[in-house]
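Containing mmCIF, C-alpha atoms and all ligand atoms: target27.cif.
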data_my_file
loop_
_atom_site.label_atom_id
_atom_site.label_comp_id
_atom_site.auth_asym_id
_atom_site.auth_seq_id
_atom_site.Cartn_x
_atom_site.Cartn_y
_atom_site.Cartn_z
CA MET A 41 13.30 20.48 7.27
CA THR A 42 13.24 20.53 3.46
CA LYS A 43 10.31 18.46 2.29
CA SER A 44 11.58 15.32 0.64
CA ARG A 45 9.94 12.76 -1.57
CA GLY A 46 7.40 10.64 0.30
CA SER A 47 7.82 6.94 1.04
CA LEU A 48 6.08 4.23 -0.90
CA ILE A 49 4.33 2.01 1.64
CA VAL A 50 2.93 -1.33 0.57
CA LEU A 51 0.37 -2.91 2.88
CA SER A 52 -0.80 -6.47 2.37
CA GLY A 53 -2.75 -8.95 4.42
CA PHE A 54 -5.36 -11.64 4.00
CA ALA A 55 -8.85 -10.61 2.93
CA GLY A 56 -10.82 -9.91 6.11
CA VAL A 57 -7.79 -9.06 8.24
CA GLY A 58 -9.09 -5.50 8.60
CA LYS A 59 -6.71 -3.45 6.41
CA GLY A 60 -9.57 -1.12 5.43
CA THR A 61 -10.55 -0.32 9.03
CA VAL A 62 -6.95 0.23 10.10
CA LEU A 63 -6.28 2.54 7.15
CA LYS A 64 -9.48 4.47 7.85
CA SER A 65 -8.26 5.04 11.41
CA LEU A 66 -4.81 6.05 10.11
CA PHE A 67 -6.19 8.57 7.60
CA GLU A 68 -8.66 10.06 10.09
CA THR A 69 -6.04 11.07 12.60
CA LYS A 70 -2.90 11.62 10.60
CA GLU A 71 -1.87 13.90 7.76
CA GLY A 72 0.59 13.47 4.97
CA TYR A 73 -0.81 10.23 3.61
CA ALA A 74 -2.19 9.51 0.17
CA TYR A 75 -4.12 6.36 -0.68
CA SER A 76 -3.58 4.88 -4.09
CA VAL A 77 -6.90 3.84 -5.63
CA SER A 78 -6.40 0.67 -7.67
CA ALA A 79 -8.01 -0.36 -10.90
CA THR A 80 -9.84 -3.69 -10.94
CA THR A 81 -12.00 -5.80 -13.20
CA ARG A 82 -14.03 -7.24 -10.31
CA ASP A 83 -17.64 -6.11 -9.74
CA PRO A 84 -18.25 -3.44 -7.09
CA ARG A 85 -19.53 -4.70 -3.71
CA PRO A 86 -22.56 -2.96 -2.22
CA GLY A 87 -21.54 0.51 -1.08
CA GLU A 88 -18.35 0.65 -3.12
CA VAL A 89 -17.93 3.80 -5.20
CA ASP A 90 -16.06 4.04 -8.50
CA GLY A 91 -12.96 6.24 -8.10
CA VAL A 92 -13.07 5.99 -4.29
CA HIS A 93 -12.66 2.32 -3.47
CA TYR A 94 -11.48 1.23 -6.90
CA PHE A 95 -11.58 2.30 -10.52
CA PHE A 96 -13.91 -0.41 -11.79
CA VAL A 97 -12.91 -1.11 -15.38
CA THR A 98 -13.56 -3.71 -18.05
CA LYS A 99 -11.05 -6.42 -18.88
CA GLU A 100 -10.40 -4.67 -22.21
CA ARG A 101 -9.65 -1.33 -20.52
CA PHE A 102 -7.40 -3.06 -17.97
CA GLU A 103 -5.45 -4.78 -20.72
CA GLU A 104 -5.09 -1.43 -22.47
CA MET A 105 -3.68 0.04 -19.23
CA ILE A 106 -1.13 -2.77 -19.10
CA ALA A 107 -0.19 -2.25 -22.77
CA LYS A 108 0.19 1.52 -22.32
CA GLU A 109 2.32 0.99 -19.19
CA GLU A 110 -0.09 3.02 -17.07
CA LEU A 111 0.29 0.61 -14.14
CA LEU A 112 3.10 0.42 -11.61
CA GLU A 113 2.22 -3.24 -11.04
CA HIS A 114 -0.69 -5.54 -11.63
CA ALA A 115 -1.77 -9.03 -10.61
CA CYS A 116 -4.54 -11.54 -11.05
CA TYR A 117 -6.38 -12.39 -7.81
CA VAL A 118 -9.30 -14.85 -7.51
CA GLY A 119 -10.06 -14.52 -11.22
CA ASN A 120 -9.84 -10.73 -11.54
CA TYR A 121 -7.19 -8.20 -12.46
CA TYR A 122 -6.00 -5.61 -9.92
CA GLY A 123 -3.41 -2.89 -10.61
CA THR A 124 -1.88 0.35 -9.32
CA PRO A 125 -2.19 3.41 -11.59
CA LYS A 126 1.33 4.88 -11.88
CA ALA A 127 0.66 8.61 -12.49
CA TYR A 128 -1.11 9.29 -9.17
CA VAL A 129 1.54 7.49 -7.11
CA ASP A 130 4.40 9.40 -8.77
CA LYS A 131 2.65 12.76 -8.33
CA LYS A 132 1.89 12.24 -4.64
CA LEU A 133 5.37 10.92 -3.82
CA GLU A 134 6.84 13.96 -5.57
CA GLU A 135 4.58 16.23 -3.44
CA GLY A 136 6.02 14.61 -0.30
CA PHE A 137 3.07 12.39 0.63
CA ASP A 138 3.62 8.89 1.95
CA VAL A 139 1.65 6.81 -0.51
CA ILE A 140 -0.10 3.67 0.70
CA LEU A 141 -0.71 0.82 -1.70
CA GLU A 142 -3.10 -1.79 -0.33
CA ILE A 143 -2.21 -4.69 -2.60
CA GLU A 144 -1.67 -8.44 -2.58
CA VAL A 145 1.61 -10.34 -2.43
CA GLN A 146 2.50 -10.76 -6.13
CA GLY A 147 2.04 -7.03 -6.69
CA ALA A 148 3.95 -6.15 -3.52
CA LEU A 149 6.96 -8.24 -4.52
CA ALA A 150 6.88 -6.71 -8.01
CA ILE A 151 7.00 -3.25 -6.37
CA LYS A 152 10.01 -4.30 -4.26
CA GLU A 153 11.84 -5.25 -7.48
CA LYS A 154 11.02 -1.96 -9.19
CA VAL A 155 11.30 0.36 -6.18
CA PRO A 156 13.75 -1.19 -3.70
CA GLU A 157 13.26 1.60 -1.15
CA ALA A 158 9.52 0.78 -0.88
CA VAL A 159 8.52 -0.43 2.59
CA LEU A 160 6.55 -3.69 2.63
CA ILE A 161 4.27 -4.27 5.61
CA TYR A 162 2.22 -7.43 6.12
CA MET A 163 -0.82 -7.39 8.38
CA LEU A 164 -1.72 -10.64 10.15
CA PRO A 165 -4.82 -11.52 12.17
CA PRO A 166 -4.30 -12.54 15.81
CA SER A 167 -5.23 -16.12 14.79
CA ALA A 168 -6.51 -18.21 11.82
CA GLU A 169 -9.89 -18.64 13.57
CA ALA A 170 -10.27 -14.89 13.99
CA LEU A 171 -9.73 -14.48 10.24
CA LYS A 172 -12.43 -17.00 9.32
CA ASP A 173 -14.87 -15.38 11.77
CA ARG A 174 -14.25 -11.94 10.29
CA LEU A 175 -14.73 -13.15 6.71
CA THR A 176 -17.98 -14.93 7.57
CA GLY A 177 -19.24 -11.97 9.61
CA ARG A 178 -18.76 -9.54 6.72
CA GLY A 179 -21.65 -11.28 4.96
CA THR A 180 -20.73 -9.89 1.53
CA GLU A 181 -19.37 -13.12 0.03
CA THR A 182 -20.77 -16.57 -0.57
CA GLU A 183 -19.39 -19.57 1.35
CA GLU A 184 -17.64 -20.67 -1.85
CA VAL A 185 -15.83 -17.33 -2.23
CA ILE A 186 -14.88 -17.34 1.48
CA MET A 187 -13.31 -20.79 1.10
CA LYS A 188 -11.46 -19.61 -2.03
CA ARG A 189 -10.15 -16.61 -0.12
CA LEU A 190 -9.03 -18.73 2.87
CA LYS A 191 -7.20 -21.09 0.52
CA ARG A 192 -5.59 -18.13 -1.16
CA ALA A 193 -4.63 -16.81 2.31
CA CYS A 194 -2.78 -20.11 2.93
CA GLU A 195 -0.79 -19.54 -0.26
CA GLU A 196 -0.17 -15.89 0.48
CA ALA A 197 1.16 -16.64 3.95
CA LYS A 198 4.21 -18.02 2.12
CA GLY A 199 5.07 -14.55 0.83
CA ALA A 200 4.95 -12.81 4.23
CA GLU A 201 8.58 -13.61 5.07
CA GLN A 202 9.73 -11.43 2.22
CA TYR A 203 8.12 -8.32 3.71
CA ASP A 204 10.02 -5.79 5.81
CA TYR A 205 7.57 -5.67 8.74
CA ILE A 206 4.72 -7.68 10.26
CA ILE A 207 1.91 -5.99 12.18
CA VAL A 208 -0.88 -7.84 13.98
CA ASN A 209 -4.38 -6.42 13.85
CA ASP A 210 -6.05 -7.24 17.14
CA ASP A 211 -7.41 -3.75 17.73
CA ALA A 212 -7.75 -1.49 14.65
CA ASP A 213 -6.88 1.80 16.40
CA GLU A 214 -3.81 0.35 18.08
CA CYS A 215 -2.74 -1.22 14.83
CA ALA A 216 -3.15 2.15 13.06
CA LEU A 217 -0.94 3.80 15.70
CA GLU A 218 1.70 1.15 15.19
CA LEU A 219 1.50 1.59 11.43
CA ASN A 220 1.85 5.36 11.79
CA THR A 221 4.93 4.96 13.99
CA LEU A 222 6.47 2.60 11.50
CA ILE A 223 5.87 4.95 8.57
CA ARG A 224 7.11 7.97 10.48
CA ALA A 225 10.30 6.09 11.20
CA GLN A 226 10.78 5.65 7.45
CA ARG A 227 10.66 9.44 7.06
CA LEU A 228 13.69 9.66 9.37
CA ARG A 229 15.81 7.34 7.26
CA ALA A 230 18.93 9.03 5.91
CA LYS A 231 17.95 7.95 2.41
CA SER A 232 14.60 9.74 2.77
CA ASN A 233 16.33 12.99 3.66
CA LEU A 234 19.03 13.37 1.02
CA PRO A 235 17.88 16.88 -0.07
CA PHE A 236 17.99 18.08 3.55
CA ILE A 237 21.44 16.61 4.12
CA ARG A 238 22.66 18.30 0.92
CA LYS A 239 21.14 21.63 1.96
CA ILE A 240 22.82 21.62 5.40
CA ARG A 241 26.11 20.67 3.81
CA ASN A 242 25.86 23.49 1.24
CA ASP A 243 24.77 26.05 3.84
CA LEU A 244 27.69 25.08 6.09
CA LYS A 245 30.05 25.45 3.15
CA HIS A 246 28.71 28.95 2.44
CA ILE A 247 29.01 29.99 6.09
CA THR A 248 32.56 28.75 6.40
CA GLU A 249 33.57 30.33 3.07
CA GLU A 250 32.07 33.67 4.17
CA GLY A 251 34.11 33.56 7.34
CA GLU A 252 37.43 33.10 5.47
P1 LIG A 301 -10.75 -7.13 -2.75
O1 LIG A 301 -11.40 -7.78 -3.94
O2 LIG A 301 -11.07 -7.84 -1.48
O3 LIG A 301 -11.03 -5.64 -2.69
O4 LIG A 301 -9.17 -7.25 -2.96
C1 LIG A 301 -8.59 -8.49 -3.19
C2 LIG A 301 -7.08 -8.37 -3.06
O5 LIG A 301 -6.55 -7.55 -4.11
C3 LIG A 301 -6.63 -7.73 -1.75
O6 LIG A 301 -5.57 -8.51 -1.23
C4 LIG A 301 -6.15 -6.38 -2.17
O7 LIG A 301 -5.15 -5.87 -1.30
C5 LIG A 301 -5.60 -6.68 -3.54
N1 LIG A 301 -5.46 -5.50 -4.39
C6 LIG A 301 -6.22 -4.39 -4.41
N2 LIG A 301 -5.75 -3.51 -5.29
C7 LIG A 301 -4.63 -4.06 -5.84
C8 LIG A 301 -3.67 -3.62 -6.82
O8 LIG A 301 -3.72 -2.51 -7.36
N3 LIG A 301 -2.69 -4.48 -7.13
C9 LIG A 301 -2.56 -5.71 -6.57
N4 LIG A 301 -1.53 -6.45 -6.93
N5 LIG A 301 -3.44 -6.15 -5.64
C10 LIG A 301 -4.46 -5.34 -5.28
#

Take the structure in the file and write it out as C-alpha cells.
Amino acid sequence: MTKSRGSLIVLSGFAGVGKGTVLKSLFETKEGYAYSVSATTRDPRPGEVDGVHYFFVTKERFEEMIAKEELLEHACYVGNYYGTPKAYVDKKLEEGFDVILEIEVQGALAIKEKVPEAVLIYMLPPSAEALKDRLTGRGTETEEVIMKRLKRACEEAKGAEQYDYIIVNDDADECALELNTLIRAQRLRAKSNLPFIRKIRNDLKHITEEGE
C-alpha cells in the first residue's frame, strides 16, 4: 500500500498515570512510531537527559520559540512552560510515522483546533487512590508538588470528555497493546489513505483505457 502521511496522536493523562511506561512498552515492540520531544522550562528530574526526555530551555529561549512560531502548541503547567517543536512533528508525519505527543489538556485541545484529524487519547488510572499511590511511590516530588498535581488532575479531568478515546492503565503492557490497536485502526481510516485510493483509481482508469 502506498505509504501515506502518519497520524498525529495526542496522549494525555494525569501525572503518575503511567504514560511513560506504557509508551516505553509501545515503542519497544512496535515500529512506525515517532515520539515528539517537548521543550520545557522546568528543571530536569534525576536521570532525565536533555534532548531525550525534554529540551530543557530557559524562559527567554522558550518565549523566543513562541515568537518565532517554532511550536505547534504550548501551555503553562504548574508554573512552567511546555511546548511541541513543530519541525520534527511535520517531518516525521511526512515520512509516514505516527507521531505521539505526550501533552496536557490545554495543548491537546489546541492541537485539535489546528489539526482536526489528530486523534486525542486520554489515559485514566483504574482509580483515584491508585493515582495518589503511584505519585507518592515515585518519590521524585515533594508532598506539596504532589498535592498541586492532584489538584491539577481534578481540573484536567474536566477536559477528558473532549478527547476521542479513553484508555485505562491497569497493566502497562496491556494498555500499550490497546493503544497500538487504536492507532493502527487510525491508519485504516479512509482519510489516512487518500493517496492509495487515488492510485488504485488511476491505475484502474489506465487498465480500462488500455483495454478499449
Ligand atoms: P512533567 O513535568 O511531569 O514531565 O509534565 C507535566 C505535564 O506537561 C504532563 O501532563 C505532560 O504530558 C505535559 N507536557 C509535556 N510536554 C508538553 C508539551 O509539549 N505541551 C504541552 N501542552 N504539555 C506538555

- For ligand LIG 301 (chain A), list the contacting residues at 7 Å or closer, counting only C-alpha atoms and all ligand atoms, as a ChimeraX atom specification. /A:52-55,78-80,82,113-115,117,122-124,142-148

- Residues near Asp204 (chain A), cut-off 7 Å, all atoms listed in the file, skip fewer than 4 positions along chain, as a VMD selection string: chain A and resid 159 to 161

Kindly assemble as JSON lines a list of the region 119-146 of chain A residues that lie within 12 Å of region 220-237 of chain A, each paired with its nearest atom pair and their distance in Å to one decimal, using only C-alpha atoms, sorted first by chain and then by ascending residue number.
{"residue": "A:Leu133", "atom": "CA", "partner": "A:Ser232", "partner_atom": "CA", "distance": 11.4}
{"residue": "A:Gly136", "atom": "CA", "partner": "A:Arg227", "partner_atom": "CA", "distance": 10.1}
{"residue": "A:Phe137", "atom": "CA", "partner": "A:Arg227", "partner_atom": "CA", "distance": 10.4}
{"residue": "A:Asp138", "atom": "CA", "partner": "A:Ile223", "partner_atom": "CA", "distance": 8.0}
{"residue": "A:Val139", "atom": "CA", "partner": "A:Ile223", "partner_atom": "CA", "distance": 10.2}
{"residue": "A:Ile140", "atom": "CA", "partner": "A:Ile223", "partner_atom": "CA", "distance": 10.0}

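When all atoms listed in the file are used to measure the gap to Cys194 (chain A), the shortest distance among A:Leu219, A:Leu51, A:Leu112, A:Leu164 belongs to A:Leu164.
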
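The nearest approach to Ser65 (chain A) among the residues A:Asp243, A:Asp173, A:Glu249, A:Asp213, with only C-alpha atoms taken into account, belongs to A:Asp213.
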
- Pick from A:Val50, A:Ala127, A:Val57, A:Met105, whichever lies nearest to Glu169 (chain A) using all atoms listed in the file: A:Val57

Residues of region 47-110 of chain A at most 9 Å from region 177-185 of chain A: nearest atom pair and distance in Å, only C-alpha atoms, as JSON lines:
{"residue": "A:Gly56", "atom": "CA", "partner": "A:Arg178", "partner_atom": "CA", "distance": 8.0}
{"residue": "A:Arg85", "atom": "CA", "partner": "A:Thr180", "partner_atom": "CA", "distance": 7.5}
{"residue": "A:Pro86", "atom": "CA", "partner": "A:Thr180", "partner_atom": "CA", "distance": 8.1}

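Of the residues under consideration (A:Tyr162, A:Ala212, A:Glu104, A:Ile186), A:Tyr162 shows the shortest atom-to-atom contact distance to Lys198 (chain A) when counting all atoms listed in the file.
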
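Each of A:Ala216, A:Leu48, A:Ala107, A:Met187 was checked against Val129 (chain A) using all atoms listed in the file; the smallest atom-to-atom distance is that of A:Leu48.
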
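Minimum atom-to-atom distances from A:Val208, A:Leu66, A:Cys116, A:Val77 to Ser167 (chain A) were compared using all atoms listed in the file, and the lowest value belongs to A:Val208.
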
- Query: Do you know which residues lie at most 6 Å from (-3.0, 3.2, -12.6), with coordinates as in the file and all atoms listed in the file counted, and could you write them as a ChimeraX atom specification?
  - Reply: /A:110-111,124-126

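Note that the spacing between CA of Glu157 (chain A) and CA of Ser47 (chain A) amounts to 7.9 Å.
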
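If you look at CA of Asn209 (chain A) and CA of Gly60 (chain A), they are 11.2 Å away from each other.
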